[in-house]
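Reviewing the structure listed below.
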Amino acid sequence: MATGTLTINLEAVAANWRALDAKTGAACQTAAVVKADGYGLGAARVARALARAGARRFFVAVAEEGAAIRQALGPGPEIGVFSGHMAGDADTIRDLSLTPMLNSVEQLTRHLEGLPGHPFGVQLDSGMNRLGMEPAEWAAVRDIVLQAGPTLLMSHLASADDPGDAMNAAQLEAFVAMTDGADVPRSLAATGGILLGSDYHFDLTRPGIGLYGGLPFEEAQPTVRLSLPVVQVRAVEAGETVGYGGTWAADQPARIATVSGGYADGLIRAMGNRAMLWAGDTPCPIAGRVSMDLITVDVSHLDEVPQTLDILGAHQGVDDLAEAAGTIGYEILTSLGPRYVRRWV
Ligand SMILES: *Cc1c(COP(=O)(O)O)cnc(C)c1O
């Protein structure tokens with residue numbers, strides 16, 4: 001086999017959902033965010049595993065993703081769409097029973113005129129300035145909207161991964177001011193918000209990254225292992241260089257393993273000369289730049305070079321790899337490329 005193997009542990013995803021669910025009270029429902037192909041792990045399989053674990057509400061970014069989730073889950077679970085009701089979405093929203101989170105008066109009008117009586121939620125902007133109605137806009141339409149019977153009022157926190165950030169409390173206050181007295185279920189917290197405590201939980205939480213083993217959910221079980229096959233091993237003399245631009249030079253005789261996988265597979269160039277691969281319990285540093293399809297690894301210290309080296313696994317999780325590459329676990333996961341053989345266990 002010449003491509004990497006991505007092993008996805010669905011039981012760990014389900015366990016992470018249960019652990020996050022246990023952090024909120026019995027009256028608070030825990031949804032599951034499965035946008036971006038389930039953060040790269042395969043949305044249909046992830047959604048089915050989470051439905052088996054007890055999740056009854058799912059969220060995606062766009063209606064097209066919602067259609068795929070509906071096909072995977074069948075009728076029953078509610079599927080919310082963060083981007084709301086976009087022009088051209090009405091048939092998909094109706095035929096696949098999606099619940100758009102309406103973000104503006106324009107979307108509200110489109111939805112109430114195009115699909116009267118069809119369920120919807122409302123996204124409010126409590127300070128992130130990305131999606132949702134502004135306080136003044138909301139105040140103007142609030143009575144009409146509440147009469148139409150939304151299923152959810154939601155907002156999103158900009159800095160929930162940092163409990164010390166004053167923005168959290170400010171957004172909480174803004175959300176409460178916009179929604180108090182509405183008598184509609186409310187949702188503010190994603191993974192980070194769940195960890196901020198019960199003030200942030202309201203009626204429904206929307207974890208994403210924590211399900212997939214990423215920070216800020218430190219107790220999360222890792223969900224992925226990525227093994228890259230060794231294509232070739234060579235001896236390199238002292239003074240020789242490795243890879244494009246010759247950015248790694250051997251200061252003594254070395255052995256270099258070339259593995260299959262590169263930036264076309266989401267193993268970004270910023271990992272060059274910085275990240276590690278693992279031979280069992282032994283770390284092996286990347287030597288030189290990451291190429292499109294290949295990575296060169298210093299294996300001089302190994303007695304025997306195994307057939308595969310792991311770049312994600314027990315010793316190096318998505319956040320460790322992200323740290324080495326100057327990014328975040330979310331980006332590592334959602335960049336995992338289509339060439340890998342995916343195995344769900
Ligand atoms: C992506 C997203 C989530 C999930 O966030 P995580 O940080 O991955 O838990 C929740 N709500 C909204 C609006 C989102 O865009």
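We name chains A, B, ... following the order of the structure tokens; residues begin at 1 in each chain, and ligands are numbered from 1 as shown.
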Residues near Ala325 of chain A, cut-off 10 Å, only C-alpha atoms, skip fewer than 6 positions along chain, as a list in words: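 Contacts, in chain order: Leu267, Ile268, Arg269, Ala270, Met271, Gly272, Asn273, Arg274, Ala275, Asp319 and Ile332 of chain A.
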Environment of ligand 1 within 10 Å, counting only C-alpha atoms and all ligand atoms, reported as an MDAnalysis selection string: chainID A and resid 31:36 39 59:61 81:83 101 123 130:132 154:161 187:194 205:212 214:217 329:330
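Across A:Asp165, A:Ala43, A:Ile286, A:Ser104, the tightest approach to Ala136 of chain A is made by A:Ser104 when counting only C-alpha atoms.
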Selection near Leu10 of chain A, 10 Å with only C-alpha atoms, sequence-local residues under 6 positions removed, as a list in words: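 My list of contacting residues is Asn16, Leu41, Arg45, Val46, Ala47, Arg48, Ala49, Leu50, Leu211, Tyr212, Thr223, Val224, Trp344 and Val345 of chain A.
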Could you take the residues named above and write them with N, CA and C atoms, as a compact mmCIF listing (two decimals), in the first residue's frame?
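Result file is part35.txt:
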# COMPACT_ATOMS: atom_id res chain seq x y z
N ASN A 16 -16.17 10.75 23.68
CA ASN A 16 -15.97 12.19 23.88
C ASN A 16 -17.32 12.91 23.94
N LEU A 41 -13.22 13.55 9.52
CA LEU A 41 -13.22 12.12 9.88
C LEU A 41 -14.29 11.32 9.18
N ARG A 45 -20.31 8.56 8.79
CA ARG A 45 -20.00 7.56 9.81
C ARG A 45 -19.97 8.16 11.21
N VAL A 46 -19.40 9.37 11.31
CA VAL A 46 -19.36 10.02 12.62
C VAL A 46 -20.78 10.29 13.12
N ALA A 47 -21.64 10.80 12.22
CA ALA A 47 -23.01 11.13 12.65
C ALA A 47 -23.76 9.87 13.09
N ARG A 48 -23.58 8.79 12.35
CA ARG A 48 -24.28 7.55 12.75
C ARG A 48 -23.76 7.04 14.09
N ALA A 49 -22.45 7.13 14.31
CA ALA A 49 -21.89 6.69 15.60
C ALA A 49 -22.43 7.55 16.74
N LEU A 50 -22.55 8.86 16.49
CA LEU A 50 -23.04 9.75 17.55
C LEU A 50 -24.54 9.55 17.78
N LEU A 211 -15.36 16.55 20.31
CA LEU A 211 -15.78 15.20 19.91
C LEU A 211 -14.64 14.48 19.19
N TYR A 212 -13.82 15.28 18.49
CA TYR A 212 -12.80 14.70 17.62
C TYR A 212 -11.43 14.65 18.31
N THR A 223 -8.76 10.44 18.59
CA THR A 223 -9.67 9.72 17.70
C THR A 223 -9.00 9.24 16.42
N VAL A 224 -7.79 9.71 16.13
CA VAL A 224 -7.18 9.35 14.85
C VAL A 224 -5.74 8.83 15.02
N TRP A 344 -12.46 2.92 9.60
CA TRP A 344 -13.24 3.30 10.78
C TRP A 344 -13.36 2.10 11.70
N VAL A 345 -12.95 2.25 12.95
CA VAL A 345 -13.02 1.11 13.88
C VAL A 345 -13.87 1.45 15.08
Sorted by chain and rising residue number, which residues of segment 194-280 of chain A lie within 10 Å of segment 294-309 of chain A, and what are their closest atom pairs and distances in Å to one decimal, counting only C-alpha atoms, as a Markdown table?
| residue | atom | partner | partner_atom | distance |
| --- | --- | --- | --- | --- |
| A:Leu226 | CA | A:Leu309 | CA | 8.5 |
| A:Ser227 | CA | A:Leu309 | CA | 5.5 |
| A:Leu228 | CA | A:Thr308 | CA | 5.2 |
| A:Pro229 | CA | A:Thr308 | CA | 4.2 |
| A:Val230 | CA | A:Thr308 | CA | 5.3 |
| A:Val231 | CA | A:Gln307 | CA | 8.3 |
| A:Gln232 | CA | A:Gln307 | CA | 9.6 |
| A:Val233 | CA | A:Val305 | CA | 8.1 |
| A:Arg234 | CA | A:Val299 | CA | 9.7 |
| A:Ala235 | CA | A:Ser300 | CA | 8.8 |
| A:Val236 | CA | A:Ser300 | CA | 9.6 |
| A:Val242 | CA | A:Thr296 | CA | 7.6 |
| A:Gly243 | CA | A:Thr296 | CA | 7.3 |
| A:Trp248 | CA | A:Thr296 | CA | 9.9 |
| A:Ala250 | CA | A:Asp298 | CA | 9.4 |
| A:Gln252 | CA | A:Ser300 | CA | 9.9 |
| A:Pro253 | CA | A:Ser300 | CA | 8.3 |
| A:Ala254 | CA | A:Ser300 | CA | 5.1 |
| A:Arg255 | CA | A:Ser300 | CA | 4.6 |
| A:Ile256 | CA | A:Asp298 | CA | 4.8 |
| A:Ala257 | CA | A:Val297 | CA | 5.1 |
| A:Thr258 | CA | A:Thr296 | CA | 4.5 |
| A:Val259 | CA | A:Ile295 | CA | 5.3 |
| A:Ser260 | CA | A:Leu294 | CA | 4.9 |
| A:Gly261 | CA | A:Leu294 | CA | 4.8 |
| A:Gly262 | CA | A:Leu294 | CA | 4.8 |
| A:Tyr263 | CA | A:Leu294 | CA | 8.1 |
| A:Ala264 | CA | A:Leu294 | CA | 9.2 |
| A:Asp265 | CA | A:Leu294 | CA | 9.6 |
| A:Leu267 | CA | A:Ile295 | CA | 9.0 |
| A:Arg269 | CA | A:Ile295 | CA | 9.8 |
| A:Met271 | CA | A:Ile295 | CA | 9.7 |
| A:Gly272 | CA | A:Ile295 | CA | 8.3 |
| A:Asn273 | CA | A:Val297 | CA | 9.1 |
| A:Ala275 | CA | A:Val297 | CA | 9.8 |
| A:Met276 | CA | A:Val297 | CA | 8.2 |
| A:Leu277 | CA | A:Leu309 | CA | 6.0 |
| A:Trp278 | CA | A:Leu309 | CA | 5.4 |
| A:Ala279 | CA | A:Leu309 | CA | 5.2 |
| A:Gly280 | CA | A:Leu309 | CA | 7.8 |
Residue set, segment 26-74 of chain A restricted to alpha helix (DSSP H), as a count of residues only: 27
Minimum-distance residue to Pro135 of chain A, chosen among A:Ala177, A:Ile93, A:Cys28, A:Leu152 (using only C-alpha atoms):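 Under the stated criterion, the closest residue is A:Ala177.
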Given only C-alpha atoms as the counted atoms, nearest of A:Ala140, A:Val318, A:Pro75, A:Gly266 to Ser335 of chain A: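 So, comparing all the options, the nearest one is A:Gly266.
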